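> The following file, my_file31.cif, comprises mmCIF, C-alpha atoms:
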```cif
data_model
#
loop_
_atom_site.label_atom_id
_atom_site.label_comp_id
_atom_site.auth_asym_id
_atom_site.auth_seq_id
_atom_site.Cartn_x
_atom_site.Cartn_y
_atom_site.Cartn_z
CA MET A 1 -8.32 -23.09 16.82
CA ILE A 2 -4.63 -24.00 17.00
CA ARG A 3 -2.52 -24.10 13.86
CA LYS A 4 0.84 -25.79 13.74
CA LEU A 5 3.41 -23.89 11.73
CA CYS A 6 5.33 -26.36 9.61
CA ALA A 7 8.94 -25.88 8.55
CA VAL A 8 8.89 -28.81 6.12
CA ALA A 9 9.28 -27.79 2.47
CA LEU A 10 6.39 -29.68 0.93
CA VAL A 11 7.80 -29.52 -2.58
CA ALA A 12 5.48 -32.13 -3.97
CA VAL A 13 2.41 -30.36 -2.62
CA VAL A 14 3.34 -26.98 -4.02
CA SER A 15 4.55 -28.47 -7.27
CA GLY A 16 1.20 -30.10 -7.75
CA CYS A 17 -0.61 -26.80 -7.31
CA GLY A 18 1.77 -24.47 -9.14
CA ASP A 19 2.93 -24.58 -12.71
CA GLY A 20 6.17 -22.64 -12.58
CA GLN A 21 4.76 -19.83 -14.69
CA PRO A 22 5.42 -16.21 -13.65
CA PHE A 23 2.38 -14.14 -12.79
CA SER A 24 3.64 -11.49 -15.18
CA ASP A 25 3.98 -14.07 -17.97
CA LEU A 26 0.41 -15.17 -17.39
CA GLN A 27 -0.70 -11.58 -17.77
CA GLN A 28 1.27 -11.31 -21.01
CA THR A 29 -0.27 -14.54 -22.30
CA ASP A 30 -3.73 -13.06 -21.88
CA THR A 31 -3.01 -9.82 -23.77
CA THR A 32 -5.28 -10.87 -26.62
CA THR A 33 -8.16 -9.97 -24.32
CA ASP A 34 -6.51 -8.34 -21.28
CA THR A 35 -4.14 -5.56 -22.34
CA GLY A 36 -2.11 -5.75 -19.13
CA THR A 37 -1.66 -1.98 -18.94
CA THR A 38 -2.06 -0.05 -15.71
CA ASP A 39 -5.53 1.34 -14.96
CA THR A 40 -5.91 3.30 -11.72
CA ASN A 41 -9.30 4.86 -12.51
CA GLY A 42 -11.48 2.09 -11.12
CA ILE A 43 -12.93 -0.97 -12.78
CA GLY A 44 -13.69 -1.26 -16.47
CA GLY A 45 -16.07 -3.70 -18.07
CA ASP A 46 -19.59 -2.47 -17.35
CA GLY A 47 -18.63 1.20 -16.84
CA THR A 48 -20.19 1.38 -13.38
CA PRO A 49 -18.01 3.26 -10.86
CA THR A 50 -17.27 1.43 -7.63
CA ALA A 51 -17.01 2.70 -4.08
CA THR A 52 -13.52 1.19 -3.79
CA ALA A 53 -11.31 1.16 -6.88
CA GLN A 54 -9.48 -2.03 -7.79
CA PRO A 55 -5.67 -2.04 -7.81
CA PRO A 56 -3.87 -1.54 -11.14
CA GLY A 57 -3.36 -4.39 -13.56
CA THR A 58 -5.63 -5.72 -16.28
CA ALA A 59 -6.96 -2.60 -17.99
CA ALA A 60 -10.13 -3.98 -19.57
CA PRO A 61 -11.31 -6.88 -17.41
CA THR A 62 -14.17 -9.10 -18.54
CA PRO A 63 -15.84 -12.17 -17.02
CA ASP A 64 -14.55 -14.23 -19.95
CA ALA A 65 -10.79 -13.84 -19.38
CA SER A 66 -8.05 -13.89 -16.77
CA ILE A 67 -7.50 -10.90 -14.46
CA PHE A 68 -4.21 -9.87 -12.85
CA ARG A 69 -3.85 -7.19 -10.13
CA TYR A 70 -0.96 -5.71 -8.14
CA GLU A 71 -0.58 -3.22 -5.30
CA GLU A 72 -0.62 0.40 -6.32
CA SER A 73 2.58 2.33 -5.54
CA ASN A 74 2.28 4.32 -2.33
CA ASP A 75 4.34 6.50 -0.01
CA ALA A 76 4.82 3.66 2.48
CA GLY A 77 6.87 1.58 0.00
CA GLY A 78 4.14 -0.68 -1.35
CA GLY A 79 3.63 -1.45 -5.02
CA PHE A 80 7.22 -2.34 -5.89
CA VAL A 81 6.37 -6.01 -6.53
CA GLN A 82 4.67 -6.66 -9.86
CA ASP A 83 6.71 -9.51 -11.34
CA VAL A 84 7.00 -12.82 -9.45
CA SER A 85 7.34 -16.45 -10.45
CA TYR A 86 7.41 -19.88 -8.82
CA ASN A 87 9.88 -22.61 -9.82
CA ALA A 88 8.44 -26.02 -8.96
CA THR A 89 11.68 -27.84 -9.83
CA ASP A 90 13.58 -26.54 -6.80
CA ASP A 91 10.73 -24.96 -4.80
CA THR A 92 12.02 -21.39 -5.13
CA PHE A 93 10.19 -18.13 -5.59
CA SER A 94 11.55 -15.22 -7.67
CA VAL A 95 10.77 -11.57 -6.94
CA ASP A 96 11.86 -8.61 -9.06
CA ASN A 97 12.41 -4.92 -8.15
CA LEU A 98 13.41 -5.12 -4.48
CA ALA A 99 16.87 -3.96 -3.36
CA PHE A 100 19.12 -6.05 -1.11
CA ASP A 101 17.05 -9.23 -1.27
CA GLY A 102 19.90 -11.35 -2.65
CA PHE A 103 19.66 -12.12 -6.34
CA ASN A 104 15.85 -12.17 -6.51
CA THR A 105 15.53 -15.88 -5.66
CA TYR A 106 13.76 -16.78 -2.41
CA THR A 107 14.00 -20.22 -0.82
CA ARG A 108 11.48 -21.97 1.43
CA ASP A 109 11.69 -20.52 4.92
CA GLY A 110 13.64 -22.86 7.20
CA LEU A 111 11.62 -22.01 10.32
CA VAL A 112 8.09 -21.35 9.03
CA GLY A 113 7.65 -23.19 5.75
CA THR A 114 3.88 -22.85 5.47
CA LEU A 115 1.01 -20.96 7.08
CA SER A 116 -1.65 -23.45 5.99
CA SER A 117 -3.68 -25.25 8.62
CA ALA A 118 -4.04 -29.03 8.63
CA GLY A 119 -6.53 -30.14 5.99
CA ASN A 120 -6.74 -26.78 4.22
CA PRO A 121 -6.76 -27.42 0.44
CA THR A 122 -4.91 -24.17 -0.30
CA VAL A 123 -1.13 -24.08 0.05
CA TYR A 124 0.20 -20.92 1.74
CA ALA A 125 3.95 -21.41 1.34
CA VAL A 126 6.51 -19.05 2.96
CA TYR A 127 9.81 -18.06 1.32
CA GLU A 128 12.76 -15.95 2.49
CA GLY A 129 15.25 -13.82 0.63
CA ALA A 130 18.99 -14.43 0.94
CA GLN A 131 20.53 -13.17 4.18
CA MET A 132 23.94 -12.47 2.67
CA VAL A 133 25.66 -12.17 -0.71
CA THR A 134 29.32 -11.59 -1.56
CA ASP A 135 31.03 -8.78 -3.43
CA SER A 136 31.66 -10.12 -6.94
CA LEU A 137 35.16 -8.63 -6.99
CA THR A 138 36.48 -9.10 -3.46
CA GLY A 139 34.27 -11.84 -2.02
CA ASN A 140 33.47 -9.64 1.00
CA PRO A 141 30.09 -10.41 2.60
CA ILE A 142 27.17 -8.00 2.16
CA ASP A 143 24.24 -8.30 4.56
CA GLN A 144 20.80 -8.28 2.95
CA PHE A 145 17.43 -7.03 4.15
CA ASP A 146 15.00 -9.46 5.77
CA TYR A 147 12.33 -10.23 3.14
CA ARG A 148 9.54 -12.79 3.35
CA ALA A 149 7.02 -13.90 0.73
CA ILE A 150 3.75 -15.83 0.98
CA TYR A 151 2.63 -17.72 -2.12
CA GLY A 152 -1.00 -18.91 -2.05
CA VAL A 153 -2.23 -21.36 -4.68
CA SER A 154 -5.73 -22.68 -5.39
CA ALA A 155 -6.29 -26.43 -5.38
CA ASN A 156 -8.50 -26.02 -8.46
CA THR A 157 -7.09 -25.74 -11.97
CA THR A 158 -8.23 -24.36 -15.30
CA VAL A 159 -6.91 -24.37 -18.87
CA VAL A 160 -5.84 -21.07 -20.46
CA ASN A 161 -4.49 -21.11 -24.01
CA GLY A 162 -3.84 -24.83 -23.73
CA VAL A 163 -1.92 -24.56 -20.44
CA THR A 164 -3.24 -25.96 -17.15
CA LEU A 165 -2.96 -23.31 -14.44
CA PRO A 166 -4.18 -22.80 -10.87
CA GLN A 167 -7.63 -21.24 -10.98
CA SER A 168 -6.36 -18.46 -8.74
CA ARG A 169 -3.32 -17.48 -6.67
CA PHE A 170 -1.67 -14.61 -4.83
CA ALA A 171 1.72 -13.52 -3.53
CA ILE A 172 2.70 -11.07 -0.77
CA VAL A 173 6.24 -9.76 -0.21
CA ARG A 174 7.17 -7.60 2.80
CA THR A 175 10.27 -6.73 4.85
CA GLY A 176 10.86 -5.73 8.44
CA SER A 177 14.21 -4.05 7.76
CA TYR A 178 13.03 -0.45 7.37
CA VAL A 179 11.95 2.17 9.90
CA ASP A 180 8.79 2.59 7.82
CA TYR A 181 6.76 -0.33 6.47
CA GLY A 182 9.43 -0.92 3.83
CA PHE A 183 9.35 -1.80 0.16
CA GLY A 184 7.22 -4.71 -1.00
CA GLY A 185 3.91 -5.45 -2.60
CA PHE A 186 1.22 -7.95 -3.46
CA VAL A 187 -0.14 -9.56 -6.63
CA TYR A 188 -3.18 -11.74 -7.21
CA GLU A 189 -4.94 -13.23 -10.20
CA ARG A 190 -7.78 -15.29 -11.55
CA ASN A 191 -6.92 -17.59 -14.42
CA GLY A 192 -9.68 -18.18 -16.93
CA SER A 193 -13.27 -17.01 -16.79
CA VAL A 194 -16.12 -16.79 -14.31
CA VAL A 195 -19.86 -17.28 -14.63
CA MET A 196 -21.43 -14.84 -12.18
CA PRO A 197 -24.81 -15.87 -10.70
CA SER A 198 -27.67 -13.42 -11.08
CA THR A 199 -29.72 -14.78 -8.18
CA GLY A 200 -29.20 -16.50 -4.86
CA GLN A 201 -26.40 -16.26 -2.34
CA ALA A 202 -23.06 -18.02 -1.87
CA ILE A 203 -20.62 -18.47 0.98
CA TYR A 204 -16.89 -19.09 0.60
CA MET A 205 -14.73 -20.46 3.42
CA GLY A 206 -11.10 -21.29 4.10
CA ASP A 207 -7.87 -20.04 5.63
CA TYR A 208 -6.28 -16.60 5.73
CA ALA A 209 -2.53 -15.97 6.08
CA GLY A 210 -0.53 -12.77 6.28
CA ILE A 211 2.62 -10.85 7.11
CA ARG A 212 2.79 -8.01 9.63
CA VAL A 213 5.42 -5.24 9.38
CA PHE A 214 5.84 -2.05 11.39
CA GLN A 215 6.33 1.68 11.25
CA ASN A 216 8.93 2.94 13.75
CA ALA A 217 10.01 -0.61 14.57
CA SER A 218 11.76 -3.46 12.79
CA GLY A 219 10.81 -7.10 12.44
CA ILE A 220 8.22 -9.36 10.84
CA GLU A 221 5.30 -11.25 12.32
CA TYR A 222 2.88 -13.76 10.80
CA VAL A 223 -0.87 -14.12 11.20
CA THR A 224 -3.24 -16.99 10.41
CA ALA A 225 -7.01 -17.14 10.73
CA GLU A 226 -10.25 -18.60 9.49
CA MET A 227 -12.09 -16.56 6.87
CA GLU A 228 -15.46 -16.53 5.16
CA ILE A 229 -17.05 -14.33 2.52
CA ALA A 230 -20.77 -14.33 1.64
CA ILE A 231 -22.23 -12.69 -1.46
CA ASP A 232 -25.86 -11.78 -2.12
CA PHE A 233 -26.24 -11.98 -5.89
CA ASN A 234 -29.79 -10.56 -5.75
CA ASP A 235 -29.01 -7.21 -4.10
CA PHE A 236 -27.87 -4.50 -3.99
CA ASN A 237 -29.00 -3.60 -7.50
CA ALA A 238 -25.88 -1.45 -7.94
CA GLY A 239 -23.24 -4.08 -7.25
CA ASP A 240 -24.03 -7.14 -5.14
CA ALA A 241 -23.52 -7.04 -1.37
CA VAL A 242 -20.41 -8.69 0.08
CA ARG A 243 -20.09 -9.72 3.71
CA GLY A 244 -16.88 -11.09 5.19
CA ARG A 245 -15.27 -12.07 8.47
CA ILE A 246 -11.72 -12.98 9.53
CA SER A 247 -11.80 -14.77 12.89
CA ASN A 248 -9.77 -16.89 15.31
CA ARG A 249 -6.61 -15.05 14.42
CA GLU A 250 -3.29 -16.33 15.71
CA PHE A 251 -0.01 -14.39 15.62
CA PHE A 252 3.56 -15.64 15.42
CA GLU A 253 7.08 -14.30 15.62
CA GLU A 254 9.35 -14.69 12.62
CA ASP A 255 10.69 -17.96 14.04
CA GLY A 256 7.20 -19.39 14.55
CA THR A 257 6.90 -18.64 18.28
CA ALA A 258 3.30 -17.89 19.21
CA ILE A 259 2.48 -14.34 20.34
CA GLY A 260 0.15 -14.05 23.30
CA ILE A 261 -3.42 -12.98 22.64
CA GLY A 262 -5.15 -10.68 25.09
CA THR A 263 -4.75 -7.21 26.58
CA GLY A 264 -1.37 -7.59 28.30
CA ASP A 265 1.81 -5.65 27.53
CA ASN A 266 3.18 -8.22 25.08
CA GLN A 267 -0.13 -9.44 23.68
CA LEU A 268 -2.29 -8.67 20.67
CA PRO A 269 -6.10 -8.47 20.64
CA ASN A 270 -7.81 -11.37 18.90
CA ALA A 271 -10.28 -8.98 17.31
CA PRO A 272 -12.32 -10.39 14.41
CA VAL A 273 -12.22 -8.34 11.22
CA THR A 274 -15.53 -7.64 9.46
CA PHE A 275 -16.34 -6.22 6.03
CA THR A 276 -18.34 -3.02 5.66
CA VAL A 277 -21.50 -3.97 3.76
CA GLY A 278 -22.77 -1.64 1.05
CA PRO A 279 -23.58 -1.32 -2.65
CA ASN A 280 -20.98 -1.33 -5.46
CA SER A 281 -18.98 -4.14 -3.86
CA THR A 282 -18.93 -6.41 -6.94
CA THR A 283 -18.61 -6.05 -10.70
CA VAL A 284 -19.86 -8.12 -13.61
CA ASN A 285 -16.25 -9.22 -14.11
CA GLY A 286 -16.28 -11.03 -10.77
CA GLU A 287 -14.17 -8.52 -8.84
CA ILE A 288 -14.94 -7.43 -5.29
CA ALA A 289 -13.58 -4.58 -3.19
CA GLY A 290 -14.47 -2.64 -0.08
CA GLU A 291 -13.51 -1.56 3.40
CA LEU A 292 -13.12 -3.63 6.56
CA ALA A 293 -12.20 -3.09 10.21
CA SER A 294 -11.86 -4.68 13.63
CA TYR A 295 -13.08 -3.27 16.93
CA THR A 296 -12.01 -3.39 20.58
CA PRO A 297 -13.41 -1.79 23.76
CA ASP A 298 -11.67 1.29 25.16
CA ASP A 299 -11.02 1.96 28.86
CA ALA A 300 -14.61 3.11 29.30
CA GLY A 301 -16.01 0.01 27.61
CA ALA A 302 -17.05 1.78 24.41
CA VAL A 303 -16.33 0.01 21.11
CA THR A 304 -13.61 1.70 19.06
CA VAL A 305 -11.91 0.93 15.76
CA TYR A 306 -8.69 -1.03 16.30
CA GLU A 307 -7.72 -1.83 12.70
CA SER A 308 -9.02 -0.51 9.39
CA GLY A 309 -8.23 -1.13 5.76
CA THR A 310 -9.33 -2.52 2.42
CA TYR A 311 -10.06 -5.89 0.83
CA TYR A 312 -9.75 -6.82 -2.85
CA GLY A 313 -10.68 -10.05 -4.61
CA ILE A 314 -11.65 -11.90 -7.78
CA ILE A 315 -14.28 -14.62 -8.11
CA GLY A 316 -13.47 -17.48 -10.48
CA GLY A 317 -14.80 -20.70 -11.94
CA PRO A 318 -17.77 -21.93 -13.98
CA ASN A 319 -19.99 -21.89 -10.89
CA ALA A 320 -18.33 -18.91 -9.20
CA ASP A 321 -16.52 -21.64 -7.26
CA GLU A 322 -13.85 -19.66 -5.39
CA VAL A 323 -12.54 -16.22 -4.56
CA VAL A 324 -8.92 -15.08 -4.27
CA GLY A 325 -7.89 -11.82 -2.70
CA ILE A 326 -5.85 -9.56 -0.49
CA VAL A 327 -6.53 -7.70 2.77
CA VAL A 328 -4.48 -4.71 3.97
CA LEU A 329 -5.04 -3.53 7.56
CA GLU A 330 -3.31 -0.82 9.58
CA SER A 331 -3.43 -0.13 13.31
CA ALA A 332 -1.58 1.36 16.23
CA ASP A 333 0.36 -1.48 17.84
CA PRO A 334 -1.06 -1.72 21.41
CA ARG A 335 2.20 -3.20 22.72
CA THR A 336 4.44 -0.18 21.99
CA ASP A 337 3.64 3.53 21.95
CA GLY A 338 4.35 5.23 18.64
CA VAL A 339 4.53 2.00 16.62
CA ASN A 340 2.03 1.26 13.86
CA ALA A 341 1.40 -2.14 12.28
CA GLN A 342 0.52 -3.05 8.71
CA GLU A 343 -0.98 -6.49 8.07
CA THR A 344 -1.15 -7.80 4.50
CA GLY A 345 -3.03 -11.07 4.21
CA GLY A 346 -4.13 -13.28 1.35
CA PHE A 347 -6.83 -15.87 0.87
CA VAL A 348 -8.26 -18.47 -1.49
CA LEU A 349 -11.74 -19.44 -0.33
CA TYR A 350 -14.10 -22.09 -1.73
CA ARG A 351 -17.85 -22.61 -2.01
CA ASP A 352 -17.32 -26.38 -2.06
CA PRO A 353 -13.75 -27.13 -0.89
CA PRO A 354 -11.91 -29.64 -3.10
CA THR A 355 -10.78 -32.84 -1.42
#
```
Represent the structure contained in this file as structure tokens.


Amino acid sequence: MIRKLCAVALVAVVSGCGDGQPFSDLQQTDTTTDTGTTDTNGIGGDGTPTATAQPPGTAAPTPDASIFRYEESNDAGGGFVQDVSYNATDDTFSVDNLAFDGFNTYTRDGLVGTLSSAGNPTVYAVYEGAQMVTDSLTGNPIDQFDYRAIYGVSANTTVVNGVTLPQSRFAIVRTGSYVDYGFGGFVYERNGSVVMPSTGQAIYMGDYAGIRVFQNASGIEYVTAEMEIAIDFNDFNAGDAVRGRISNREFFEEDGTAIGIGTGDNQLPNAPVTFTVGPNSTTVNGEIAGELASYTPDDAGAVTVYESGTYYGIIGGPNADEVVGIVVLESADPRTDGVNAQETGGFVLYRDPPT
């Protein structure tokens, strides 16, 4: 499937989906039920430990209230982004706690304005930090680091404390200006409650979009794909089973130029990513988490792990209508010896896509 990367700032589209409220403010609004304090010891609610702990954020999640999550701080520079906001008036995106990204205000990327495919109900808008600022005393120019942000917004809305909000959304911020993966982070949230089914199965489908950064190399790349997640609400008894697949991936340079797919020197494998199926993948609060990987054949034809990582998500809606989440994958870049790649992707998937 071919996706056309669009550089047009679709202000009206994003304005219709967003509300201009900061993620952090939404978390604060919900403190009557969600304390908003950091909890790195797994998932609360029903007291059942999970195989993969959720990121920090809402300390006492329940199915009846909003949930906010952010990347845990790590040695690679992740977890520095916890406070972001979207301004629908001028289509800008604000990010706190990252050095040399201008004055925290990101504008719509002039080359790749969106990573959404044609007809996809979810907006995946791309923003860039300032490339240069001036010394406040002398006016001398100061080069900034190369930051990019993806803001994904559900087409569905819900009302929380009298305010109409997107039912779910996520943001990813990464930079290609460090020798390591660099400072950045991700946040994602469900607004409002969820009614989790106790029987049957459901499948969620839509687009996936992400940013790729590197260890021992500079630069940013983008990735788009199709994605689906299926949930068996009958089994396992200890946390329902979650199955997922990211397929038909396409890769792009920072300016939107397509990267070749294949096994050549300057190509990337188009390896589908699949979830590892097992118990303890869901909670009564509607959260999901687990491991995932992609596979490629080695020189002898044997299947080997190419990428591996973790997925996180939250189900939302009165009929468990959609799921929002984040995927983090790491791999050795097959194009250059000694270079590793980190892919951080986000998704909003629907059982019955809105029109």

> Separation of CA of Val126 (chain A) and CA of Gly316 (chain A), in Å?

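Going from CA of Val126 (chain A) over to CA of Gly316 (chain A) covers 24.1 Å.
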
> Mind telling me what the PyMOL selection byres ((chain A and resi 328) around 9) catches here, as a PDB file with C-alpha atoms, in the frame of the given file?


```
ATOM      1  CA  SER A 308      -9.020  -0.510   9.390  1.00  0.00           C
ATOM      2  CA  GLY A 309      -8.230  -1.130   5.760  1.00  0.00           C
ATOM      3  CA  THR A 310      -9.330  -2.520   2.420  1.00  0.00           C
ATOM      4  CA  TYR A 311     -10.060  -5.890   0.830  1.00  0.00           C
ATOM      5  CA  TYR A 312      -9.750  -6.820  -2.850  1.00  0.00           C
ATOM      6  CA  ILE A 326      -5.850  -9.560  -0.490  1.00  0.00           C
ATOM      7  CA  VAL A 327      -6.530  -7.700   2.770  1.00  0.00           C
ATOM      8  CA  LEU A 329      -5.040  -3.530   7.560  1.00  0.00           C
ATOM      9  CA  GLU A 330      -3.310  -0.820   9.580  1.00  0.00           C
ATOM     10  CA  GLN A 342       0.520  -3.050   8.710  1.00  0.00           C
ATOM     11  CA  GLU A 343      -0.980  -6.490   8.070  1.00  0.00           C
ATOM     12  CA  THR A 344      -1.150  -7.800   4.500  1.00  0.00           C
ATOM     13  CA  GLY A 345      -3.030 -11.070   4.210  1.00  0.00           C
ATOM     14  CA  GLY A 346      -4.130 -13.280   1.350  1.00  0.00           C
TER      15      GLY A 346
END
```

> Could you jot down the CA of Ile203 (chain A) to CA of Tyr350 (chain A) separation for me, Å, one decimal place?

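Answer for the CA of Ile203 (chain A) to CA of Tyr350 (chain A) separation: 7.9 Å.
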
> In Å, how far is it from CA of Asp333 (chain A) to CA of Arg212 (chain A)?

10.8 Å

> Would you translate the PyMOL selection byres ((chain A and resi 179) around 12) into the concrete set of residues it matches in this file, as a list in words?

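Taken over the shown coordinates, the PyMOL selection byres ((chain A and resi 179) around 12) returns Ala76, Gly77, Thr175, Gly176, Ser177, Tyr178, Asp180, Tyr181, Gly182, Phe183, Val213, Phe214, Gln215, Asn216, Ala217, Ser218, Gly219, Gly338, Val339, Asn340 and Ala341 of chain A.
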
> Could you list as a PyMOL selection string every residue that has an atom within 7 Å of (-18.9, 0.3, 17.8), using the file's coordinates and counting all atoms listed in the file?

chain A and resi 295+303-304

> Taking only residues of region 273-321 of chain A that have an atom at most 7 Å from an atom of region 187-202 of chain A, what is each one's shortest atom pair and its distance in Å to one decimal, using only C-alpha atoms, in chain and number order, as a Markdown table?


```
| residue | atom | partner | partner_atom | distance |
| --- | --- | --- | --- | --- |
| A:Gly286 | CA | A:Met196 | CA | 6.6 |
| A:Ile314 | CA | A:Arg190 | CA | 6.4 |
| A:Ile315 | CA | A:Val194 | CA | 6.8 |
| A:Gly316 | CA | A:Val194 | CA | 4.7 |
| A:Gly317 | CA | A:Val194 | CA | 4.8 |
| A:Pro318 | CA | A:Val195 | CA | 5.1 |
| A:Asn319 | CA | A:Val195 | CA | 5.9 |
| A:Ala320 | CA | A:Val195 | CA | 5.9 |
```

> Applying the PyMOL selection byres ((chain A and resi 254-264) around 7) to the file I just gave you, which residues come out? Please list them as a PyMOL selection string.

chain A and resi 5+111-112+220-222+251-253+265-270

> Measuring atom to atom with only C-alpha atoms, identify which of A:Ile67, A:Val153, A:Ala271, A:Ala125 is nearest to Tyr306 (chain A).

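Smallest distance to Tyr306 (chain A) is found for A:Ala271.
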
> So, counting only C-alpha atoms, which residue among A:Ala209, A:Ile246, A:Ala241, A:Val284 is closest to Asn120 (chain A)?

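Among A:Ala209, A:Ile246, A:Ala241, A:Val284, it is A:Ala209 that comes nearest to Asn120 (chain A).
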
> Leaving out Thr52 (chain A) and any residue of its chain fewer than 3 positions from it, which residues lie within 9 Å of it when counting only C-alpha atoms, given as a PDB file with C-alpha atoms, keeping the file's coordinate frame?


```pdb
ATOM      1  CA  GLY A  42     -11.480   2.090 -11.120  1.00  0.00           C
ATOM      2  CA  PRO A  49     -18.010   3.260 -10.860  1.00  0.00           C
ATOM      3  CA  ASN A 280     -20.980  -1.330  -5.460  1.00  0.00           C
ATOM      4  CA  SER A 281     -18.980  -4.140  -3.860  1.00  0.00           C
ATOM      5  CA  ILE A 288     -14.940  -7.430  -5.290  1.00  0.00           C
ATOM      6  CA  ALA A 289     -13.580  -4.580  -3.190  1.00  0.00           C
ATOM      7  CA  GLY A 290     -14.470  -2.640  -0.080  1.00  0.00           C
ATOM      8  CA  GLU A 291     -13.510  -1.560   3.400  1.00  0.00           C
ATOM      9  CA  THR A 310      -9.330  -2.520   2.420  1.00  0.00           C
ATOM     10  CA  TYR A 312      -9.750  -6.820  -2.850  1.00  0.00           C
TER      11      TYR A 312
END
```

> Please list as number ranges by chain every residue within 8 Å of Gly244 (chain A), counting all atoms listed in the file and excluding residues in the same chain fewer than 6 positions away.

A: 227-230, 274-275

> With all atoms listed in the file as the atoms that count, which of A:Asn161, A:Phe100, A:Ala149, A:Thr282 lies nearest to Thr134 (chain A)?

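Selected residue with least distance to Thr134 (chain A): A:Phe100.
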
> Let me make sure I understand: among A:Ser116, A:Asn156, A:Thr296, A:Thr164, which one has the smallest atom-to-atom distance to Arg351 (chain A) if we use all atoms listed in the file?

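Residue with the minimum atom-to-atom distance to Arg351 (chain A): A:Asn156.
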
> Taking into account only C-alpha atoms, which residue in the set A:Ser73, A:Thr107, A:Ser154, A:Thr58 is nearest to Ala88 (chain A)?

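Checking each candidate against Ala88 (chain A), we get A:Thr107 as the closest.
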
> Is it possible to dump region 200-212 of chain A as an mmCIF file, in the first residue's frame, including just N, CA and C atoms?


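Output (out_21.cif):
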```cif
data_model
loop_
_atom_site.group_PDB
_atom_site.id
_atom_site.type_symbol
_atom_site.label_atom_id
_atom_site.label_comp_id
_atom_site.auth_asym_id
_atom_site.auth_seq_id
_atom_site.Cartn_x
_atom_site.Cartn_y
_atom_site.Cartn_z
ATOM 1 N N GLY A 200 -16.786 -12.796 24.164
ATOM 2 C CA GLY A 200 -16.618 -12.458 22.765
ATOM 3 C C GLY A 200 -15.221 -11.987 22.427
ATOM 4 N N GLN A 201 -15.046 -11.581 21.187
ATOM 5 C CA GLN A 201 -13.777 -11.072 20.694
ATOM 6 C C GLN A 201 -14.015 -9.779 19.911
ATOM 7 N N ALA A 202 -12.965 -8.994 19.774
ATOM 8 C CA ALA A 202 -13.058 -7.730 19.029
ATOM 9 C C ALA A 202 -11.781 -7.527 18.237
ATOM 10 N N ILE A 203 -11.913 -6.847 17.106
ATOM 11 C CA ILE A 203 -10.743 -6.512 16.307
ATOM 12 C C ILE A 203 -10.762 -5.011 16.024
ATOM 13 N N TYR A 204 -9.593 -4.389 16.161
ATOM 14 C CA TYR A 204 -9.416 -2.960 15.970
ATOM 15 C C TYR A 204 -8.437 -2.748 14.808
ATOM 16 N N MET A 205 -8.741 -1.816 13.920
ATOM 17 C CA MET A 205 -7.907 -1.617 12.739
ATOM 18 C C MET A 205 -7.680 -0.132 12.472
ATOM 19 N N GLY A 206 -6.589 0.163 11.799
ATOM 20 C CA GLY A 206 -6.278 1.535 11.440
ATOM 21 C C GLY A 206 -4.837 1.695 11.028
ATOM 22 N N ASP A 207 -4.340 2.916 11.127
ATOM 23 C CA ASP A 207 -2.979 3.261 10.729
ATOM 24 C C ASP A 207 -2.040 3.312 11.933
ATOM 25 N N TYR A 208 -0.775 3.171 11.625
ATOM 26 C CA TYR A 208 0.322 3.267 12.590
ATOM 27 C C TYR A 208 1.326 4.258 12.017
ATOM 28 N N ALA A 209 1.903 5.109 12.868
ATOM 29 C CA ALA A 209 2.889 6.085 12.409
ATOM 30 C C ALA A 209 3.952 6.268 13.472
ATOM 31 N N GLY A 210 5.219 6.397 13.034
ATOM 32 C CA GLY A 210 6.281 6.495 14.021
ATOM 33 C C GLY A 210 7.503 7.259 13.547
ATOM 34 N N ILE A 211 8.410 7.470 14.494
ATOM 35 C CA ILE A 211 9.687 8.142 14.272
ATOM 36 C C ILE A 211 10.804 7.159 14.590
ATOM 37 N N ARG A 212 11.814 7.138 13.735
ATOM 38 C CA ARG A 212 12.986 6.286 13.941
ATOM 39 C C ARG A 212 14.205 7.172 14.202
#
```
